[in-house]
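Engineer: For reference, the file start.cif (mmCIF, C-alpha atoms) is included below:
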```cif
data_start
#
loop_
_atom_site.label_atom_id
_atom_site.label_comp_id
_atom_site.auth_asym_id
_atom_site.auth_seq_id
_atom_site.Cartn_x
_atom_site.Cartn_y
_atom_site.Cartn_z
CA MET F 1 190.75 149.08 103.91
CA ASP F 2 190.77 145.58 102.43
CA ASN F 3 187.24 144.36 101.52
CA THR F 4 188.40 141.06 99.94
CA ASN F 5 187.89 138.86 103.01
CA PRO F 6 184.34 140.04 103.78
CA LYS F 7 183.34 139.45 100.12
CA LYS F 8 184.86 135.97 100.17
CA ALA F 9 183.06 135.23 103.41
CA LEU F 10 179.75 136.40 101.92
CA VAL F 11 180.26 134.29 98.79
CA ASN F 12 181.12 131.25 100.87
CA THR F 13 178.07 131.81 103.03
CA GLU F 14 175.77 132.10 100.00
CA ILE F 15 177.27 129.00 98.40
CA GLY F 16 176.79 127.08 101.67
CA LEU F 17 173.17 128.21 101.92
CA PHE F 18 172.58 127.27 98.28
CA LEU F 19 174.05 123.83 98.71
CA ARG F 20 172.12 123.29 101.93
CA GLY F 21 168.89 124.34 100.25
CA LEU F 22 169.62 122.11 97.28
CA ILE F 23 170.23 119.11 99.53
CA ILE F 24 167.14 119.79 101.63
CA GLY F 25 165.07 120.23 98.48
CA LYS F 26 166.24 116.94 97.05
CA VAL F 27 165.53 115.19 100.35
CA LEU F 28 162.05 116.70 100.47
CA THR F 29 161.45 115.72 96.85
CA LEU F 30 162.49 112.15 97.55
CA MET F 31 160.25 112.08 100.63
CA VAL F 32 157.27 113.34 98.60
CA ILE F 33 157.87 110.79 95.81
CA GLY F 34 158.34 108.02 98.35
CA GLY F 35 155.17 109.02 100.17
CA LEU F 36 153.22 109.13 96.93
CA LEU F 37 154.43 105.66 95.94
CA TRP F 38 153.57 104.28 99.39
CA TRP F 39 150.07 105.79 99.17
CA LEU F 40 149.49 104.29 95.73
CA LEU F 41 150.76 100.84 96.70
CA LYS F 42 149.19 100.73 100.18
CA PRO F 43 145.91 98.92 99.21
CA ASN F 44 147.78 96.16 97.38
CA LEU F 45 150.28 95.74 100.18
CA LEU F 46 147.54 95.57 102.79
CA SER F 47 145.47 93.25 100.62
CA GLY F 48 148.45 90.97 100.13
CA SER F 49 149.09 91.05 103.85
CA ARG F 50 145.50 90.12 104.56
CA VAL F 51 145.57 87.34 101.97
CA ASN F 52 148.79 85.92 103.40
CA SER F 53 147.41 86.21 106.92
CA SER F 54 144.15 84.56 105.86
CA SER F 55 145.99 81.81 104.00
CA ASN F 56 148.26 81.12 106.95
CA GLN F 57 145.27 81.06 109.29
CA SER F 58 143.40 78.74 106.94
CA LEU F 59 146.37 76.41 106.66
CA ASN F 60 146.81 76.41 110.42
CA THR F 61 143.10 75.62 110.87
CA VAL F 62 143.22 72.74 108.40
CA SER F 63 146.35 71.30 109.91
CA THR F 64 145.01 71.42 113.46
CA THR F 65 141.31 70.53 113.04
CA THR F 66 140.92 68.29 109.97
CA SER F 67 141.00 64.60 110.81
CA THR F 68 141.88 62.09 108.11
CA PHE F 69 142.28 58.34 107.75
CA GLN F 70 145.97 58.85 108.49
CA THR F 71 145.28 60.51 111.86
CA VAL F 72 143.40 57.55 113.37
CA ALA F 73 145.54 55.66 115.86
CA ASP F 74 145.43 51.99 116.94
CA VAL F 75 144.36 50.63 113.55
CA PRO F 76 145.12 46.88 113.64
CA THR F 77 147.26 45.19 111.01
CA ASP F 78 145.51 42.15 109.55
CA SER F 79 142.83 40.90 107.16
CA PHE F 80 139.24 41.21 108.41
CA ASN F 81 135.84 39.95 107.28
CA TYR F 82 132.82 42.22 107.29
CA GLY F 83 129.35 42.36 105.73
CA GLY F 84 125.74 43.31 106.29
CA SER F 85 123.45 45.95 104.87
CA THR F 86 123.09 46.15 101.09
CA ALA F 87 122.36 49.86 101.54
CA TRP F 88 126.07 50.24 102.34
CA ALA F 89 127.11 49.07 98.87
CA SER F 90 128.23 52.52 97.70
CA ILE F 91 130.19 53.02 100.93
CA ARG F 92 132.00 49.75 100.37
CA GLN F 93 132.82 50.76 96.82
CA LEU F 94 133.89 54.35 97.47
CA VAL F 95 134.80 54.87 101.13
CA ASP F 96 136.29 51.50 102.02
CA SER F 97 138.52 51.56 98.94
CA GLN F 98 139.86 54.96 100.09
CA ILE F 99 140.49 53.57 103.59
CA GLN F 100 142.46 50.62 102.27
CA SER F 101 144.45 52.91 99.97
CA ASP F 102 145.40 55.23 102.85
CA ARG F 103 145.79 52.48 105.46
CA PRO F 104 147.20 49.46 103.58
CA GLU F 105 147.97 47.72 106.85
CA ILE F 106 144.33 46.57 107.02
CA GLN F 107 142.56 44.45 104.41
CA LEU F 108 138.75 44.31 104.40
CA ARG F 109 136.95 41.37 102.80
CA TYR F 110 133.19 41.49 102.27
CA LEU F 111 131.30 38.22 102.85
CA ASP F 112 127.78 37.34 101.71
CA PRO F 113 125.74 34.95 103.87
CA LEU F 114 125.81 31.32 102.82
CA ASN F 115 122.06 31.04 103.48
CA GLY F 116 119.55 33.81 102.88
CA SER F 117 120.01 37.21 101.26
CA PRO F 118 122.51 39.89 102.32
CA GLY F 119 121.23 42.61 104.62
CA SER F 120 121.50 44.16 108.06
CA SER F 121 119.84 41.20 109.79
CA SER F 122 121.95 38.54 108.12
CA GLY F 123 125.13 40.56 108.74
CA ILE F 124 124.40 40.90 112.46
CA ARG F 125 123.58 37.19 112.62
CA MET F 126 126.93 36.36 110.99
CA LEU F 127 128.69 38.64 113.51
CA LEU F 128 126.98 36.84 116.39
CA ASP F 129 128.05 33.50 114.89
CA GLY F 130 131.69 34.56 114.64
CA LYS F 131 131.75 34.65 110.83
CA LEU F 132 132.36 38.43 110.64
CA ASP F 133 134.68 40.73 112.56
CA PHE F 134 132.21 43.64 112.38
CA ALA F 135 128.94 44.36 110.58
CA GLN F 136 127.35 47.25 108.71
CA SER F 137 123.70 47.94 109.49
CA SER F 138 121.01 50.35 108.35
CA ARG F 139 118.81 49.67 111.36
CA SER F 140 119.17 49.56 115.13
CA LEU F 141 120.00 46.42 117.05
CA THR F 142 117.04 44.48 118.41
CA ASP F 143 116.58 43.31 122.00
CA GLU F 144 116.76 39.73 120.75
CA GLU F 145 120.16 40.30 119.11
CA GLN F 146 121.51 41.89 122.28
CA ALA F 147 120.20 38.95 124.31
CA ILE F 148 121.91 36.42 122.03
CA ALA F 149 125.20 38.32 122.36
CA LYS F 150 124.91 38.31 126.14
CA GLU F 151 124.29 34.57 126.17
CA ARG F 152 127.52 34.14 124.19
CA GLY F 153 129.61 36.19 126.59
CA PHE F 154 129.88 39.58 124.89
CA THR F 155 127.82 42.65 124.00
CA LEU F 156 127.15 44.48 120.75
CA GLU F 157 127.65 48.21 120.28
CA GLN F 158 126.05 50.20 117.48
CA ARG F 159 127.96 53.33 116.48
CA GLN F 160 126.21 55.71 114.08
CA VAL F 161 128.28 57.04 111.17
CA GLY F 162 125.65 58.28 108.71
CA MET F 163 121.98 58.68 107.82
CA ASP F 164 119.72 57.54 104.99
CA GLY F 165 116.01 57.65 104.26
CA ILE F 166 113.67 54.73 103.60
CA ALA F 167 111.99 55.25 100.24
CA VAL F 168 108.87 53.59 98.87
CA VAL F 169 108.97 52.81 95.16
CA VAL F 170 106.34 51.61 92.70
CA ASN F 171 105.90 50.98 88.99
CA PRO F 172 106.20 54.33 87.13
CA SER F 173 102.73 53.86 85.57
CA LEU F 174 100.95 53.78 88.95
CA LYS F 175 98.84 56.91 89.53
CA VAL F 176 99.49 57.36 93.24
CA SER F 177 101.43 60.35 94.54
CA GLY F 178 102.13 59.31 98.11
CA LEU F 179 101.37 57.34 101.26
CA THR F 180 101.40 57.93 104.98
CA VAL F 181 103.68 55.77 107.11
CA GLU F 182 100.64 54.07 108.63
CA GLN F 183 99.19 53.26 105.18
CA LEU F 184 102.53 51.71 104.16
CA GLN F 185 102.58 49.59 107.30
CA GLN F 186 98.97 48.49 106.72
CA ILE F 187 99.84 47.46 103.15
CA TYR F 188 102.55 45.10 104.42
CA LEU F 189 100.29 43.72 107.13
CA GLY F 190 97.65 42.84 104.50
CA GLN F 191 95.12 45.37 105.85
CA ILE F 192 95.20 47.50 102.68
CA THR F 193 95.19 45.33 99.55
CA ASN F 194 94.00 47.56 96.70
CA TRP F 195 95.40 50.90 95.51
CA ASN F 196 91.88 52.39 95.41
CA GLN F 197 91.94 52.32 99.24
CA VAL F 198 94.65 55.00 99.18
CA GLY F 199 93.36 57.16 96.33
CA GLY F 200 94.76 55.13 93.44
CA PRO F 201 93.29 52.96 90.68
CA ASN F 202 91.30 49.78 91.21
CA LEU F 203 94.38 47.58 91.15
CA PRO F 204 95.52 44.87 93.59
CA ILE F 205 98.64 45.75 95.58
CA THR F 206 101.64 43.42 95.27
CA PRO F 207 103.98 44.17 98.20
CA LEU F 208 107.59 43.05 97.72
CA SER F 209 110.04 42.59 100.59
CA GLN F 210 113.12 40.78 101.76
CA ARG F 211 112.35 38.06 104.25
CA PRO F 212 112.04 39.37 107.83
CA GLU F 213 115.06 37.34 108.98
CA ASP F 214 117.24 38.96 106.29
CA VAL F 215 115.65 42.39 106.05
CA ASP F 216 117.93 45.37 105.45
CA THR F 217 115.70 48.22 106.67
CA VAL F 218 112.58 48.19 108.85
CA ILE F 219 109.25 49.99 108.58
CA PHE F 220 108.06 48.91 112.02
CA PRO F 221 110.28 50.73 114.55
CA SER F 222 110.36 49.75 118.19
CA ASN F 223 107.72 52.39 119.09
CA SER F 224 105.33 51.31 116.30
CA ASN F 225 101.87 50.00 117.14
CA PHE F 226 102.44 47.27 114.56
CA LYS F 227 105.83 46.04 115.83
CA GLY F 228 106.04 42.27 116.03
CA GLN F 229 103.10 41.60 113.71
CA ALA F 230 103.59 39.23 110.79
CA PHE F 231 103.54 40.37 107.17
CA GLY F 232 100.40 39.72 105.17
CA SER F 233 100.03 36.56 103.10
CA ASN F 234 100.11 38.59 99.87
CA VAL F 235 103.70 39.77 100.42
CA GLN F 236 106.11 38.38 97.84
CA TYR F 237 109.69 37.88 99.00
CA VAL F 238 112.72 38.88 96.96
CA TYR F 239 116.43 38.17 97.32
CA SER F 240 117.64 41.77 97.07
CA THR F 241 116.75 45.34 96.13
CA THR F 242 118.06 44.72 92.61
CA ASP F 243 115.64 41.79 92.30
CA ALA F 244 112.77 43.93 93.63
CA VAL F 245 113.43 46.82 91.21
CA ARG F 246 113.51 44.35 88.32
CA GLN F 247 110.14 42.87 89.37
CA LEU F 248 108.53 46.29 89.94
CA SER F 249 109.23 47.32 86.36
CA LYS F 250 107.01 44.41 85.27
CA THR F 251 104.35 44.64 88.03
CA PRO F 252 101.92 47.59 87.69
CA GLY F 253 100.57 47.16 91.25
CA GLY F 254 103.89 46.39 92.92
CA VAL F 255 105.43 48.31 95.83
CA TYR F 256 108.76 47.99 97.66
CA TYR F 257 110.60 49.85 100.43
CA ALA F 258 114.37 50.15 100.75
CA SER F 259 117.27 52.46 101.40
CA ALA F 260 116.52 55.75 99.63
CA ARG F 261 120.13 55.83 98.42
CA SER F 262 119.55 52.46 96.73
CA VAL F 263 116.32 53.24 94.85
CA VAL F 264 115.86 57.01 94.39
CA PHE F 265 118.47 57.04 91.59
CA GLN F 266 116.85 54.14 89.71
CA CYS F 267 115.29 54.84 86.29
CA SER F 268 112.76 51.99 86.17
CA VAL F 269 110.79 52.80 89.36
CA LYS F 270 109.00 55.82 90.83
CA ALA F 271 109.56 56.96 94.41
CA LEU F 272 106.42 58.00 96.30
CA LEU F 273 106.02 60.95 98.64
CA LEU F 274 105.81 59.80 102.25
CA GLY F 275 104.39 61.53 105.32
CA ARG F 276 103.43 61.18 108.94
CA THR F 277 100.00 62.49 107.87
CA SER F 278 98.33 62.85 104.47
CA GLY F 279 98.84 66.62 104.66
CA GLN F 280 102.60 66.37 105.17
CA LEU F 281 103.82 64.26 102.28
CA ILE F 282 107.54 64.76 101.57
CA PRO F 283 109.57 63.39 98.65
CA PRO F 284 112.71 61.32 99.29
CA TYR F 285 114.20 63.04 96.22
CA ARG F 286 115.04 66.66 95.48
CA GLU F 287 112.25 68.34 93.58
CA PRO F 288 111.41 68.60 90.77
CA MET F 289 111.24 64.87 90.18
CA ILE F 290 113.16 63.50 87.20
CA SER F 291 110.81 61.38 85.08
CA PRO F 292 111.83 57.93 83.77
CA GLU F 293 111.96 59.45 80.26
CA GLN F 294 114.69 61.87 81.40
CA CYS F 295 116.70 59.10 83.03
CA PRO F 296 119.59 58.18 82.80
CA ARG F 297 120.62 61.53 81.27
CA GLN F 298 119.44 62.98 84.57
CA ARG F 299 118.79 61.13 87.82
CA ASN F 300 116.86 61.97 90.96
CA GLN F 301 119.02 63.02 93.89
CA LEU F 302 118.53 62.30 97.58
CA ASN F 303 116.52 64.87 99.56
CA THR F 304 119.41 65.40 101.96
CA PRO F 305 117.99 68.45 103.82
CA ALA F 306 114.72 66.66 104.70
CA ILE F 307 116.59 63.60 105.96
CA LYS F 308 119.06 65.71 107.92
CA ASN F 309 116.45 67.88 109.66
CA GLY F 310 114.12 64.96 110.38
CA SER F 311 111.14 66.23 108.39
CA TYR F 312 111.26 63.13 106.16
CA PRO F 313 109.26 60.58 108.18
CA MET F 314 111.29 57.39 107.76
CA ILE F 315 114.99 57.55 108.54
CA ALA F 316 117.51 54.72 108.40
CA ASN F 317 120.54 55.39 110.57
CA LEU F 318 123.77 53.76 109.45
CA PHE F 319 125.57 51.87 112.21
CA VAL F 320 128.84 50.02 112.54
CA ILE F 321 128.05 47.02 114.74
CA ILE F 322 131.00 46.28 117.01
CA LYS F 323 131.52 43.09 119.03
CA GLN F 324 132.60 44.16 122.52
CA ASN F 325 134.76 41.17 123.45
CA LYS F 326 138.16 42.82 124.14
CA GLY F 327 139.56 40.93 121.13
CA ARG F 328 140.62 41.65 117.55
CA GLU F 329 136.96 42.01 116.50
CA GLN F 330 136.44 44.87 118.92
CA GLN F 331 139.70 46.48 117.84
CA ILE F 332 138.89 46.51 114.11
CA GLY F 333 135.23 47.46 114.65
CA ASP F 334 136.25 50.41 116.80
CA ALA F 335 138.95 51.48 114.33
CA TYR F 336 136.61 51.20 111.32
CA ALA F 337 133.97 53.38 113.02
CA LYS F 338 136.62 55.96 113.94
CA LEU F 339 137.85 56.04 110.34
CA LEU F 340 134.33 56.74 109.06
CA LEU F 341 133.82 59.47 111.66
CA THR F 342 136.91 61.46 110.63
CA ASP F 343 136.36 64.58 108.54
CA GLN F 344 137.68 62.67 105.54
CA GLY F 345 135.36 59.74 106.25
CA GLN F 346 132.28 61.92 106.65
CA ARG F 347 133.00 63.73 103.38
CA ALA F 348 133.39 60.36 101.65
CA ILE F 349 130.06 59.15 103.10
CA GLU F 350 128.39 62.22 101.59
CA GLN F 351 130.12 61.52 98.27
CA ALA F 352 128.64 58.02 98.46
CA GLY F 353 125.16 59.58 98.57
CA PHE F 354 124.35 59.56 102.30
CA VAL F 355 123.99 62.19 105.02
CA ALA F 356 126.93 62.75 107.35
CA VAL F 357 126.39 62.92 111.12
CA ARG F 358 129.29 65.29 111.89
#
```
Take the structure in this file and express it as structure tokens.
Structural biologist:
Amino acid sequence: MDNTNPKKALVNTEIGLFLRGLIIGKVLTLMVIGGLLWWLLKPNLLSGSRVNSSSNQSLNTVSTTTSTFQTVADVPTDSFNYGGSTAWASIRQLVDSQIQSDRPEIQLRYLDPLNGSPGSSSGIRMLLDGKLDFAQSSRSLTDEEQAIAKERGFTLEQRQVGMDGIAVVVNPSLKVSGLTVEQLQQIYLGQITNWNQVGGPNLPITPLSQRPEDVDTVIFPSNSNFKGQAFGSNVQYVYSTTDAVRQLSKTPGGVYYASARSVVFQCSVKALLLGRTSGQLIPPYREPMISPEQCPRQRNQLNTPAIKNGSYPMIANLFVIIKQNKGREQQIGDAYAKLLLTDQGQRAIEQAGFVAVR
């Protein structure tokens, strides 16, 4: 009986099983190693995926929702004259220069009034007289200004683009912490004439102001009981805020009101707390107050939260005044307001020291 073939068959079978087992083992080993590597790298892969997803989403959000100076349509191509509020000086320096850099097709030229001092009132008057294409104002239009526009065949629109406070500043040596809005108004009407009437020293008050026809900001709003009353005879008139600050530094009993953005940063004057009542006095600056000795190494900053939430009692809204006459003036005024109301414009307004409205 020949046993050779069965033995060969057995050997072949064993070799086949060995090879199969070897292959399966290697496959299983590779699967285990691969699984281990996947498990170790999984957090990083997922994290990277999330980062990429978040980045893509962020980029998509920016590209679809952020408005810039470049995204504003119907911006006219020409040279235009504008002017008005001195409180807007930092906007003209910072924001308007950015606009003209991004939109070189428009050229903006600031004009001072030939007579009187620059301010909201004189700027609106120049717009009514056809000397400006649009105006910048830190107060609302008056009924009289609207009536003049109507007589001349057009209307005026005020479009708000920012917010500011109205700050009251005095000589740094004056020992008075704050005033109520009513006390401030009575000072300028000549009803309060000495600082001892409001808790200060026995010192005559010297109120400083721009002339009413040129005034930049107002302390007698339309709903005030004192609206329309004339200033007291002791009020001394100045050309500008710069002039007033210079005089205050030499006048111990002096007082002046202006755009908070214009005076809170100054080193030579002290801003007073202001309130609707004597128990609610709020600073126009962020506390703690920076003393004149610390300035200019440090400067007081605007109390943006109080202005934004309305707890600060005297707010100056910033308006672009647009001549509604269906002409080039209306076109540039509308375009300028739209530029300032873009996301880029609102950020630039905040960089200039004001409160954005969007």
Engineer: Assuming the chain letters and numbering stay as they are in my file, what does the PyMOL selection byres ((chain F and resi 253) around 8) actually select? List them as an MDAnalysis selection string.
Structural biologist: chainID F and resid 170:171 174 195 203:206 251:252 254:255
Engineer: From the set F:Ser121, F:Gln330, F:Asn325, F:Thr66, which residue has the shortest atom-to-atom contact distance to F:Glu144, counting only C-alpha atoms?
Structural biologist: F:Ser121
Engineer: Counting all atoms listed in the file, which residue out of F:Ser259, F:Ser249, F:Gln298, F:Gln191 sits closest to F:Gln229?
Structural biologist: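 Result for the nearest residue to F:Gln229: F:Gln191.
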Engineer: Can I get the residues of stretch 147-263 of chain F within 8 Å of stretch 87-99 of chain F, each with the closest pair of atoms and their distance in Å to one decimal, using all atoms listed in the file, sorted chain first then ascending number, as a Markdown table?
Structural biologist:
```
| residue | atom | partner | partner_atom | distance |
| --- | --- | --- | --- | --- |
| F:Asp216 | CA | F:Ala87 | CA | 7.4 |
| F:Ser259 | CA | F:Ala87 | CA | 5.7 |
| F:Arg261 | CA | F:Ala87 | CA | 7.1 |
| F:Ser262 | CA | F:Ala87 | CA | 6.1 |
```
Engineer: So, with only C-alpha atoms as the atoms that count, which of F:Met289, F:Cys295, F:Ala258, F:Leu339 lies closest to F:Thr217?
Structural biologist: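 Between F:Met289, F:Cys295, F:Ala258, F:Leu339, the residue approaching F:Thr217 most closely is F:Ala258.
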Engineer: Rounded to one decimal in Å, what is the spacing between atom CA of F:Pro118 and atom CA of F:Thr242?
Structural biologist: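 Computing it gives 11.7 Å between the two atoms.
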Engineer: Tell me which of F:Ile124, F:Leu189, F:Ile290, F:Leu114 sits closest to F:Ile148, counting only C-alpha atoms.
Structural biologist: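 Under the stated criterion, the closest residue is F:Ile124.
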Engineer: Determine, using all atoms listed in the file, which residues of stretch 140-221 of chain F have any atom at most 6 Å from an atom of stretch 274-284 of chain F, and tabulate each with its shortest atom pair and distance in Å to one decimal place, rows ordered by chain and then rising number, as a tab-separated table.
Structural biologist:
```
residue	atom	partner	partner_atom	distance
F:Gly178	CA	F:Leu274	CA	5.6
F:Leu179	CA	F:Leu274	CA	5.2
F:Thr180	CA	F:Gly275	CA	4.7
F:Val181	CA	F:Arg276	CA	5.7
```
Engineer: Could you write out that same residue set with C-alpha atoms as a short mmCIF file (atom, residue, chain, number, x, y, z; two decimals), in the frame of the given file?
Structural biologist:
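File produced: result.cif:
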```cif
data_model
loop_
_atom_site.label_atom_id
_atom_site.label_comp_id
_atom_site.auth_asym_id
_atom_site.auth_seq_id
_atom_site.Cartn_x
_atom_site.Cartn_y
_atom_site.Cartn_z
CA GLY F 178 102.13 59.31 98.11
CA LEU F 179 101.37 57.34 101.26
CA THR F 180 101.40 57.93 104.98
CA VAL F 181 103.68 55.77 107.11
#
```
Engineer: Using all atoms listed in the file, pick whichever of F:Tyr239, F:Tyr188, F:Tyr82, F:Phe231 has the shortest atom-to-atom distance to F:Tyr257.
Structural biologist: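 Ranking F:Tyr239, F:Tyr188, F:Tyr82, F:Phe231 by distance to F:Tyr257, first place goes to F:Tyr188.
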Engineer: So which one's closest to F:Lys250, F:Ser173, F:Ile321, F:Glu151, F:Val168? Using all atoms listed in the file, please.
Structural biologist: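 Of all the options, F:Ser173 lies closest to F:Lys250.
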Engineer: Atom CA of F:Val320 and atom CA of F:Ala244, how far apart in Å?
Structural biologist: 25.6 Å
Engineer: Would you translate the PyMOL selection byres ((chain F and resi 212-214) around 9) into the concrete set of residues it matches in this file, as number ranges by chain?
Structural biologist: F: 116-123, 209-211, 215-216, 218, 230-231
Engineer: Between atom CA of F:Gly165 and atom CA of F:Tyr312, measure the distance and give it in Å to one decimal.
Structural biologist: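 Atom CA of F:Gly165 sits 7.5 Å away from atom CA of F:Tyr312.
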